[in-house]
Amino acid sequence: MLFFCTSRLFAQAPSPYGALPTPRQLTWQETEMYCIIHLSMATMTDKEWAYGDENPAIFNPSNFDAMKIVAAAKAGGFKGIIVVAKHHDGFCLWPTKTTSHNISASPWKNGKGDLLKDYQEACRKLGMKMGVYLSPWDRNSALYGSPAYVSTIYRQQLKELYTNYGPLFMSWHDGANGGDGYYGGKREVRKIDRSTYYGWDTTWAITRKLQPGAAIFGDAGPDVRWVGNEEGYAGETYWATFTPQAADGKVPSNGNVRYEESPTGTRNGKYWIPAECDVPSRPGWFYHQSQDGQTKSAYKLIDLYYKSVGRGACLDLGLSPDKNGQLTQEDIDNLRKFGAILKQTFAVNLAKGATFQASNIRSNEANKFGPQFLTDDDRYSYWATDNNVATPSLVVDLHHPATFNVIRLRENIKLGQRIEGAAIDIYQNGSWKQIAAVNSIGANRLIRLPQNVITTKVRLRITASPVCIAISDFGLFKEPEHLSAPVISRNRDGLVDITTEAPVSEIHFTTNEGEPDKNTTRFTAPFAFSGSGTIKAIAIEGGKQSEKTVKFFGLNKSGWTIKADTAGNTAQAAMRAIDDDDHTIYITKSSAISQPKAITVDMGKELTINGFSYLPRQDKKTEGIVDRYKYELSLDGVQWFTVAAGEFSNIAANPIEQNIKIKTPQKARYFRFTALHVIAGGPATIAEIGVF
């Protein structure tokens with residue numbers, strides 16, 4: 001008997017490198033994009049977080065149609081949805097046995113409805129995946145803060161969701177960790193130790209048992225981590241491996257991690273915990289009529305796609321049905337346009353049919369590890385090199401000139417994330433010219449070039465890797481041409497300017513809530529706009545029209561002055577709060593947590609005030625962001641009356657401009673903004689405050 005034991009006949013695959021993904025993580029990675037849907041009590045009360053004392057009688061989304069919502073997501077190219085089954089207010093969207101604060105107590109379908117069942121059926125019919133989010137924080141429950149809440153309510157609710165709504169692709173959790181709430185009528189602040197209270201290891205064991213295929217999302221994992229922002233992007237260099245670092249020296253847990261490390265991850269991290277990039281399609285997660293017209297455009301979503309999915313993470317887009325249970329037509333249209341652009345961009349891989357010349361093929365086994373696998377649409381067939389070849393090159397001969405602006409690279413992540421540097425060259429005028437370089441590839445790397453290139457040959461160079469490579473995909477694609485939407489800005493003198501990234505023939509705008517087109521006012525020079533209101537604009541070039549830009553402005557601040565604040569700042573220092581520059585920050589001098597920090601503005605004349613705005617700092621830091629506030633008005637600067645007070649919900653994770661309407665318009669010359677509480681204590685910070 002003869003044995004042939006040569007390496008040529010029995011070429012082995014490369015050894016895995018570092019932490020590796022589980023099968024459920026691979027399934028999640030292949031999903032790439034999904035939507036999280038917020039429709040609950042906060043929708044009905046026009047808040048970002050409902051308080052927990054809402055009467056179930058107000059929940060009646062009379063035109064709710066799960067099929068239409070899920071179909072809109074599918075049209076956008078999304079492959080699944082996550083249903084917010086219970087938000088922080090504690091109202092459950094299914095007829096749970098754990099609390100009376102649920103959908104059966106509402107008038108919707110005469111108390112016989114079940115939104116989860118409707119979503120489940122829609123997903124089944126449309127071939128979409130479904131996951132659930134159950135807030136661990138419950139502002140309604142009298143038991144919240146005690147061990148009984150976790151054992152008899154939260155975990156029991158999870159069991160109901162896990163056993164009654166079919167296979168789930170994700171179980172979505174966050175680090176919501178208590179604060180003020182209704183709590184069965186106590187109306188008090190309850191704080192918990194988020195590193196221990198929820199007993200995540202025990203809680204997640206329920207997931208593993210009842211939904212073994214579901215990836216668990218948490219701030220620090222265990223299967224998928226939060227990317228550290230709610231803006232929809234991962235780090236330019238991105239690692240799926242991660243070693244969670246505790247924010248307070250304790251053992252890292254859900255909601256207790258240093259988020260600043262999340263966008264990039266940890267090179268050679270201890271665990272495979274890839275990132276989810278969550279972002280609302282509107283400014284807030286719940287529907288607010290005041291945010292109509294501000295839905296992210298199709299090309300804004302495209303930009304986020306390249307900065308999330310295109311960097312190796314997954315994109316989780318928030319959808320916000322209105323009080324009737326419907327997405328607005330604007331939301332639906334933008335999803336459809338986004339999906340169409342993606343489909344058109346990636347319909348044809350220009351590298352298919354090309355000739356590949358690799359500088360090295362593992363054991364010379366082209367039939368097992370050759371570059372022909374790079375265009376077979378299989379994420380796990382791959383080109384590999386010998387163990388001692390970590391920086392190979394690959395020449396792709398297209399045989400004819402091709403025009404492209406997107407390059408796709410993938411590694412076979414079943415063998416780990418290996419490559420630490422790669423460059424792309426094109427052949428022009430008899431020589432090679434580098435056009436792009438990246439420091440990581442991983443599950444998916446989309447390189448979006450700033451302009452189209454034309455060439456007959458492309459070269460891939462691996463410039464850094466600790467081990468031999470295992471690349472599964474190489475693609476060249478052309479994104480459809482489009483015009484960039486205009487940028488609208490206003491200076492402190494009230495002059496509005498409208499610009500575009502590249503010169504265009506025409507810009508048209510409206511200032512009266514109408515829709516801009518080629519027949520509305522043409523922009524030729526900056527114009528005065530001192531009142532509050534909305535400006536909309538489009539660009540036109542060669543018969544093509546850009547997407548619309550919508551910008552809301554409060555009252556112009558020219559002539560406004562500030563008195564010295566209660567924390568001892570001079571009026572001059574405080575002017576940064578009203579300088580119409582989002583990038584300057586006003587910081588109070590006081591660091592006493594218990595001391596309110598107020599700033600008083602003299603508007604110079606008596607005006608009718610409908611509401612206020614607060615823009616938190618925009619420098620990616622959270623210290624000093626105001627999360628509880630009070631607004632007061634005065635005619636003379638002596639007699640004051642309070643017109644608004646409350647909380648800016650979720651402002652740390654989503655630091656967008658907060659617009660607060662008052663019930664009845666009031667006349668005033670002065671207004672005072674008081675920070676009743678700030679994130680992380682210490683001084684309060686303001687990028688801008690204003691009125692409308």
# chains A, B, ... in the order shown; residues from 1 in each chain; ligands from 1
$ select_by_dssp --residues "segment 318-545 of chain A" --states "helix (DSSP H, G or I)" --output "compact mmCIF listing (two decimals) with N, CA and C atoms, in the first residue's frame"
# COMPACT_ATOMS: atom_id res chain seq x y z
N GLN A 329 -44.43 59.35 3.86
CA GLN A 329 -44.08 59.09 2.47
C GLN A 329 -42.63 59.47 2.20
N GLU A 330 -42.17 60.52 2.88
CA GLU A 330 -40.76 60.92 2.73
C GLU A 330 -39.84 59.80 3.19
N ASP A 331 -40.15 59.19 4.33
CA ASP A 331 -39.32 58.10 4.83
C ASP A 331 -39.32 56.93 3.85
N ILE A 332 -40.49 56.59 3.35
CA ILE A 332 -40.61 55.46 2.42
C ILE A 332 -39.84 55.74 1.13
N ASP A 333 -39.98 56.95 0.61
CA ASP A 333 -39.31 57.30 -0.64
C ASP A 333 -37.80 57.26 -0.50
N ASN A 334 -37.28 57.76 0.62
CA ASN A 334 -35.83 57.75 0.81
C ASN A 334 -35.29 56.34 0.95
N LEU A 335 -36.02 55.46 1.61
CA LEU A 335 -35.62 54.06 1.70
C LEU A 335 -35.58 53.43 0.31
N ARG A 336 -36.62 53.69 -0.48
CA ARG A 336 -36.68 53.11 -1.82
C ARG A 336 -35.53 53.62 -2.70
N LYS A 337 -35.25 54.92 -2.64
CA LYS A 337 -34.16 55.48 -3.44
C LYS A 337 -32.82 54.92 -2.99
N PHE A 338 -32.64 54.79 -1.68
CA PHE A 338 -31.40 54.23 -1.14
C PHE A 338 -31.20 52.80 -1.65
N GLY A 339 -32.25 51.98 -1.57
CA GLY A 339 -32.15 50.61 -2.04
C GLY A 339 -31.84 50.53 -3.52
N ALA A 340 -32.44 51.43 -4.29
CA ALA A 340 -32.21 51.42 -5.74
C ALA A 340 -30.76 51.78 -6.08
N ILE A 341 -30.20 52.73 -5.35
CA ILE A 341 -28.80 53.12 -5.58
C ILE A 341 -27.87 51.96 -5.26
N LEU A 342 -28.11 51.30 -4.12
CA LEU A 342 -27.28 50.14 -3.76
C LEU A 342 -27.37 49.05 -4.82
N LYS A 343 -28.59 48.75 -5.23
CA LYS A 343 -28.79 47.69 -6.22
C LYS A 343 -28.08 48.02 -7.52
N GLN A 344 -28.19 49.27 -7.95
CA GLN A 344 -27.56 49.67 -9.21
C GLN A 344 -26.04 49.65 -9.08
N THR A 345 -25.53 50.09 -7.93
CA THR A 345 -24.08 50.15 -7.74
C THR A 345 -23.45 48.77 -7.80
N ARG A 362 -0.90 29.58 -2.33
CA ARG A 362 -0.54 28.62 -1.28
C ARG A 362 -0.28 27.23 -1.87
N SER A 363 0.95 26.75 -1.65
CA SER A 363 1.40 25.43 -2.09
C SER A 363 1.20 25.20 -3.59
N ASN A 364 1.11 26.33 -4.32
CA ASN A 364 0.86 26.27 -5.76
C ASN A 364 -0.43 25.53 -6.10
N ALA A 366 -3.65 26.15 -7.10
CA ALA A 366 -4.59 27.14 -7.62
C ALA A 366 -6.04 26.67 -7.54
N ASN A 367 -6.25 25.36 -7.61
CA ASN A 367 -7.62 24.86 -7.56
C ASN A 367 -8.22 24.92 -6.17
N LYS A 368 -7.39 25.13 -5.16
CA LYS A 368 -7.88 25.22 -3.79
C LYS A 368 -7.77 26.62 -3.21
N PHE A 369 -6.68 27.32 -3.57
CA PHE A 369 -6.41 28.61 -2.94
C PHE A 369 -6.09 29.70 -3.95
N PRO A 371 -6.70 32.78 -6.95
CA PRO A 371 -7.44 34.05 -6.97
C PRO A 371 -8.75 33.99 -7.74
N GLN A 372 -9.02 32.88 -8.44
CA GLN A 372 -10.29 32.78 -9.16
C GLN A 372 -11.48 32.78 -8.20
N PHE A 373 -11.24 32.49 -6.92
CA PHE A 373 -12.32 32.48 -5.93
C PHE A 373 -12.73 33.89 -5.50
N LEU A 374 -11.99 34.88 -5.94
CA LEU A 374 -12.26 36.25 -5.51
C LEU A 374 -13.53 36.84 -6.12
N THR A 375 -14.05 36.24 -7.18
CA THR A 375 -15.25 36.79 -7.83
C THR A 375 -16.38 35.77 -7.90
N ILE A 413 -13.34 35.57 7.17
CA ILE A 413 -13.22 35.82 8.61
C ILE A 413 -13.37 34.56 9.45
N LYS A 414 -13.72 33.44 8.82
CA LYS A 414 -13.67 32.18 9.56
C LYS A 414 -12.25 31.88 10.02
N LEU A 415 -11.28 32.50 9.37
CA LEU A 415 -9.86 32.34 9.73
C LEU A 415 -9.33 33.55 10.48
$ residues_around --residues "Asp377 of chain A" --least-positions-apart "5" --cutoff "10 Å" --atoms "only C-alpha atoms" --output "PyMOL selection string"
chain A and resi 349+472-475
$ write_last_selection --atoms "C-alpha atoms" --output "PDB file, in the first residue's frame"
ATOM      1  CA  ASN A 349     -18.698  43.398 -10.634  1.00  0.00           C
ATOM      2  CA  SER A 472     -12.303  35.975  -0.240  1.00  0.00           C
ATOM      3  CA  ASP A 473     -13.485  38.813  -2.446  1.00  0.00           C
ATOM      4  CA  PHE A 474     -12.275  41.437  -4.908  1.00  0.00           C
ATOM      5  CA  GLY A 475     -14.745  43.685  -6.696  1.00  0.00           C
TER       6      GLY A 475
END
$ atom_distance --atom1 "atom CA of Ala668 of chain A" --atom2 "atom CA of Arg628 of chain A"
22.7 Å
$ closest_atom_pairs --of "segment 21-83 of chain A" --to "segment 215-238 of chain A" --cutoff "12 Å" --atoms "only C-alpha atoms" --output "Markdown table"
| residue | atom | partner | partner_atom | distance |
| --- | --- | --- | --- | --- |
| A:Pro21 | CA | A:Asp223 | CA | 8.8 |
| A:Thr22 | CA | A:Asp223 | CA | 8.5 |
| A:Pro23 | CA | A:Ala215 | CA | 9.5 |
| A:Arg24 | CA | A:Ala215 | CA | 5.8 |
| A:Gln25 | CA | A:Ala215 | CA | 6.3 |
| A:Leu26 | CA | A:Ala215 | CA | 9.5 |
| A:Thr27 | CA | A:Ala215 | CA | 8.5 |
| A:Trp28 | CA | A:Ala215 | CA | 6.7 |
| A:Gln29 | CA | A:Val224 | CA | 9.6 |
| A:Thr31 | CA | A:Ala215 | CA | 11.4 |
| A:Met33 | CA | A:Gly232 | CA | 11.4 |
| A:Ile82 | CA | A:Phe217 | CA | 11.2 |
$ closest_residue --among "A:Gln417, A:Asn387, A:Ser558, A:Ser320" --to "Ala11 of chain A" --atoms "only C-alpha atoms"
A:Asn387
$ residues_around --residues "Ile69 of chain A" --least-positions-apart "4" --cutoff "9 Å" --atoms "only C-alpha atoms" --output "PyMOL selection string"
chain A and resi 37+64-65+73-74+119+122+319+321+325-327+332
$ write_last_selection --atoms "C-alpha atoms" --output "mmCIF file, in the first residue's frame"
data_model
loop_
_atom_site.group_PDB
_atom_site.id
_atom_site.type_symbol
_atom_site.label_atom_id
_atom_site.label_comp_id
_atom_site.auth_asym_id
_atom_site.auth_seq_id
_atom_site.Cartn_x
_atom_site.Cartn_y
_atom_site.Cartn_z
ATOM 1 C CA ILE A 37 -38.548 50.218 14.723
ATOM 2 C CA PHE A 64 -50.784 50.471 11.630
ATOM 3 C CA ASP A 65 -49.755 48.031 8.911
ATOM 4 C CA ALA A 73 -37.329 48.346 4.924
ATOM 5 C CA LYS A 74 -36.935 45.552 2.386
ATOM 6 C CA TYR A 119 -44.417 42.066 12.601
ATOM 7 C CA ALA A 122 -44.977 40.414 7.857
ATOM 8 C CA LEU A 319 -37.529 53.772 11.560
ATOM 9 C CA PRO A 321 -43.872 55.259 12.424
ATOM 10 C CA GLY A 325 -48.665 53.653 12.843
ATOM 11 C CA GLN A 326 -47.374 54.648 9.421
ATOM 12 C CA LEU A 327 -44.053 55.747 8.015
ATOM 13 C CA ILE A 332 -40.612 55.461 2.416
#
$ closest_residue --among "A:Leu301, A:Gly542, A:Thr196, A:Ala645" --to "Gly77 of chain A" --atoms "only C-alpha atoms"
A:Leu301
$ residues_around --residues "Lys667 of chain A" --least-positions-apart "4" --cutoff "9 Å" --atoms "only C-alpha atoms" --output "NGL selection string"
:A and (606-609 or 633-635)
$ residues_around --residues "Pro167 of chain A" --least-positions-apart "6" --cutoff "8 Å" --atoms "only C-alpha atoms" --output "list of chain:residue names"
A:Met130, A:Gln211, A:Gly213, A:Ala214
$ select_by_dssp --residues "segment 187-347 of chain A" --states "strand (DSSP E or B)" --output "NGL selection string"
:A and (188-191 or 215-218 or 220 or 224-226 or 241-242 or 246 or 257 or 271-272 or 275-280 or 314-319)
$ closest_residue --among "A:Asn405, A:Gly531, A:Gly514, A:Glu411" --to "Arg379 of chain A" --atoms "only C-alpha atoms"
A:Glu411
$ residues_around --residues "Ala436 of chain A" --least-positions-apart "4" --cutoff "12 Å" --atoms "only C-alpha atoms" --output "NGL selection string"
:A and (405-408 or 421-426 or 446-451 or 453 or 458-461)
$ residues_around --residues "Tyr614 of chain A" --least-positions-apart "5" --cutoff "6 Å" --atoms "only C-alpha atoms" --output "list in words"
Glu657, Gln658, Glu688 and Ile689 of chain A
$ write_last_selection --atoms "N, CA and C atoms" --output "compact mmCIF listing (two decimals), in the first residue's frame"
# COMPACT_ATOMS: atom_id res chain seq x y z
N GLU A 657 -29.79 68.85 18.10
CA GLU A 657 -30.47 70.03 18.64
C GLU A 657 -31.82 69.65 19.22
N GLN A 658 -32.07 70.13 20.42
CA GLN A 658 -33.34 69.86 21.10
C GLN A 658 -34.25 71.07 20.91
N GLU A 688 -25.12 76.06 21.42
CA GLU A 688 -26.00 77.15 21.03
C GLU A 688 -27.32 77.04 21.79
N ILE A 689 -27.90 78.18 22.16
CA ILE A 689 -29.27 78.24 22.62
C ILE A 689 -30.01 79.26 21.77
$ decode --residues "segment 346-394 of chain A" --atoms "N, CA and C atoms" --output "short mmCIF file (atom, residue, chain, number, x, y, z; two decimals), in the first residue's frame"
data_model
loop_
_atom_site.label_atom_id
_atom_site.label_comp_id
_atom_site.auth_asym_id
_atom_site.auth_seq_id
_atom_site.Cartn_x
_atom_site.Cartn_y
_atom_site.Cartn_z
N PHE A 346 -24.06 47.80 -7.12
CA PHE A 346 -23.41 46.50 -6.96
C PHE A 346 -23.99 45.42 -7.89
N ALA A 347 -24.71 45.85 -8.91
CA ALA A 347 -25.29 44.89 -9.85
C ALA A 347 -24.22 44.19 -10.68
N VAL A 348 -23.16 44.89 -11.04
CA VAL A 348 -22.14 44.33 -11.93
C VAL A 348 -20.77 44.50 -11.30
N ASN A 349 -20.08 43.38 -11.09
CA ASN A 349 -18.70 43.40 -10.63
C ASN A 349 -17.81 43.44 -11.87
N LEU A 350 -17.18 44.56 -12.09
CA LEU A 350 -16.37 44.75 -13.30
C LEU A 350 -15.12 43.88 -13.31
N ALA A 351 -14.81 43.26 -12.16
CA ALA A 351 -13.64 42.38 -12.09
C ALA A 351 -13.95 40.96 -12.57
N LYS A 352 -15.23 40.63 -12.72
CA LYS A 352 -15.57 39.31 -13.23
C LYS A 352 -15.16 39.21 -14.70
N GLY A 353 -14.52 38.11 -15.04
CA GLY A 353 -14.00 37.93 -16.39
C GLY A 353 -12.59 38.42 -16.56
N ALA A 354 -12.04 39.04 -15.51
CA ALA A 354 -10.65 39.52 -15.58
C ALA A 354 -9.68 38.35 -15.40
N THR A 355 -8.44 38.60 -15.75
CA THR A 355 -7.37 37.64 -15.52
C THR A 355 -6.60 38.06 -14.26
N PHE A 356 -6.42 37.11 -13.35
CA PHE A 356 -5.73 37.39 -12.09
C PHE A 356 -4.33 36.77 -12.10
N GLN A 357 -3.36 37.58 -11.74
CA GLN A 357 -1.98 37.08 -11.62
C GLN A 357 -1.50 37.36 -10.21
N ALA A 358 -1.39 36.31 -9.40
CA ALA A 358 -0.99 36.44 -8.00
C ALA A 358 0.50 36.20 -7.86
N SER A 359 1.15 36.97 -6.99
CA SER A 359 2.58 36.79 -6.76
C SER A 359 2.87 35.49 -6.02
N ASN A 360 1.86 34.94 -5.33
CA ASN A 360 2.04 33.67 -4.63
C ASN A 360 0.67 33.02 -4.43
N ILE A 361 0.62 31.69 -4.59
CA ILE A 361 -0.58 30.90 -4.30
C ILE A 361 -0.16 29.78 -3.36
N ARG A 362 -0.90 29.58 -2.33
CA ARG A 362 -0.54 28.62 -1.28
C ARG A 362 -0.28 27.23 -1.87
N SER A 363 0.95 26.75 -1.65
CA SER A 363 1.40 25.43 -2.09
C SER A 363 1.20 25.20 -3.59
N ASN A 364 1.11 26.33 -4.32
CA ASN A 364 0.86 26.27 -5.76
C ASN A 364 -0.43 25.53 -6.10
N GLU A 365 -1.35 25.50 -5.15
CA GLU A 365 -2.63 24.80 -5.35
C GLU A 365 -3.69 25.80 -5.81
N ALA A 366 -3.65 26.15 -7.10
CA ALA A 366 -4.59 27.14 -7.62
C ALA A 366 -6.04 26.67 -7.54
N ASN A 367 -6.25 25.36 -7.61
CA ASN A 367 -7.62 24.86 -7.56
C ASN A 367 -8.22 24.92 -6.17
N LYS A 368 -7.39 25.13 -5.16
CA LYS A 368 -7.88 25.22 -3.79
C LYS A 368 -7.77 26.62 -3.21
N PHE A 369 -6.68 27.32 -3.57
CA PHE A 369 -6.41 28.61 -2.94
C PHE A 369 -6.09 29.70 -3.95
N GLY A 370 -6.56 29.55 -5.18
CA GLY A 370 -6.22 30.50 -6.22
C GLY A 370 -7.10 31.73 -6.22
N PRO A 371 -6.70 32.78 -6.95
CA PRO A 371 -7.44 34.05 -6.97
C PRO A 371 -8.75 33.99 -7.74
N GLN A 372 -9.02 32.88 -8.44
CA GLN A 372 -10.29 32.78 -9.16
C GLN A 372 -11.48 32.78 -8.20
N PHE A 373 -11.24 32.49 -6.92
CA PHE A 373 -12.32 32.48 -5.93
C PHE A 373 -12.73 33.89 -5.50
N LEU A 374 -11.99 34.88 -5.94
CA LEU A 374 -12.26 36.25 -5.51
C LEU A 374 -13.53 36.84 -6.12
N THR A 375 -14.05 36.24 -7.18
CA THR A 375 -15.25 36.79 -7.83
C THR A 375 -16.38 35.77 -7.90
N ASP A 376 -16.36 34.76 -7.01
CA ASP A 376 -17.40 33.72 -7.07
C ASP A 376 -18.57 34.00 -6.13
N ASP A 377 -18.60 35.19 -5.51
CA ASP A 377 -19.70 35.59 -4.62
C ASP A 377 -19.85 34.68 -3.40
N ASP A 378 -18.77 34.05 -2.99
CA ASP A 378 -18.75 33.22 -1.79
C ASP A 378 -17.81 33.88 -0.79
N ARG A 379 -18.34 34.25 0.37
CA ARG A 379 -17.53 34.94 1.37
C ARG A 379 -16.42 34.06 1.96
N TYR A 380 -16.51 32.76 1.76
CA TYR A 380 -15.59 31.88 2.49
C TYR A 380 -14.71 31.02 1.59
N SER A 381 -14.83 31.12 0.26
CA SER A 381 -13.81 30.60 -0.63
C SER A 381 -12.79 31.72 -0.81
N TYR A 382 -11.51 31.39 -0.98
CA TYR A 382 -10.51 32.46 -0.84
C TYR A 382 -9.19 32.16 -1.53
N TRP A 383 -8.49 33.23 -1.78
CA TRP A 383 -7.10 33.18 -2.24
C TRP A 383 -6.21 33.23 -1.00
N ALA A 384 -5.30 32.27 -0.89
CA ALA A 384 -4.39 32.21 0.25
C ALA A 384 -2.96 32.07 -0.24
N THR A 385 -2.04 32.50 0.60
CA THR A 385 -0.62 32.42 0.29
C THR A 385 0.09 31.48 1.25
N ASP A 386 1.31 31.17 0.91
CA ASP A 386 2.12 30.32 1.79
C ASP A 386 2.35 31.01 3.13
N ASN A 387 2.67 30.21 4.14
CA ASN A 387 2.81 30.76 5.49
C ASN A 387 3.86 31.86 5.58
N ASN A 388 4.89 31.79 4.75
CA ASN A 388 5.96 32.79 4.82
C ASN A 388 5.75 33.98 3.88
N VAL A 389 4.55 34.06 3.27
CA VAL A 389 4.25 35.16 2.35
C VAL A 389 3.07 35.95 2.91
N ALA A 390 3.37 37.05 3.58
CA ALA A 390 2.33 37.86 4.23
C ALA A 390 2.02 39.14 3.47
N THR A 391 2.86 39.51 2.50
CA THR A 391 2.63 40.76 1.77
C THR A 391 2.67 40.51 0.26
N PRO A 392 1.75 39.72 -0.24
CA PRO A 392 1.73 39.43 -1.68
C PRO A 392 1.09 40.56 -2.47
N SER A 393 1.08 40.39 -3.79
CA SER A 393 0.40 41.33 -4.67
C SER A 393 -0.44 40.56 -5.67
N LEU A 394 -1.40 41.25 -6.26
CA LEU A 394 -2.30 40.63 -7.21
C LEU A 394 -2.57 41.64 -8.32
#
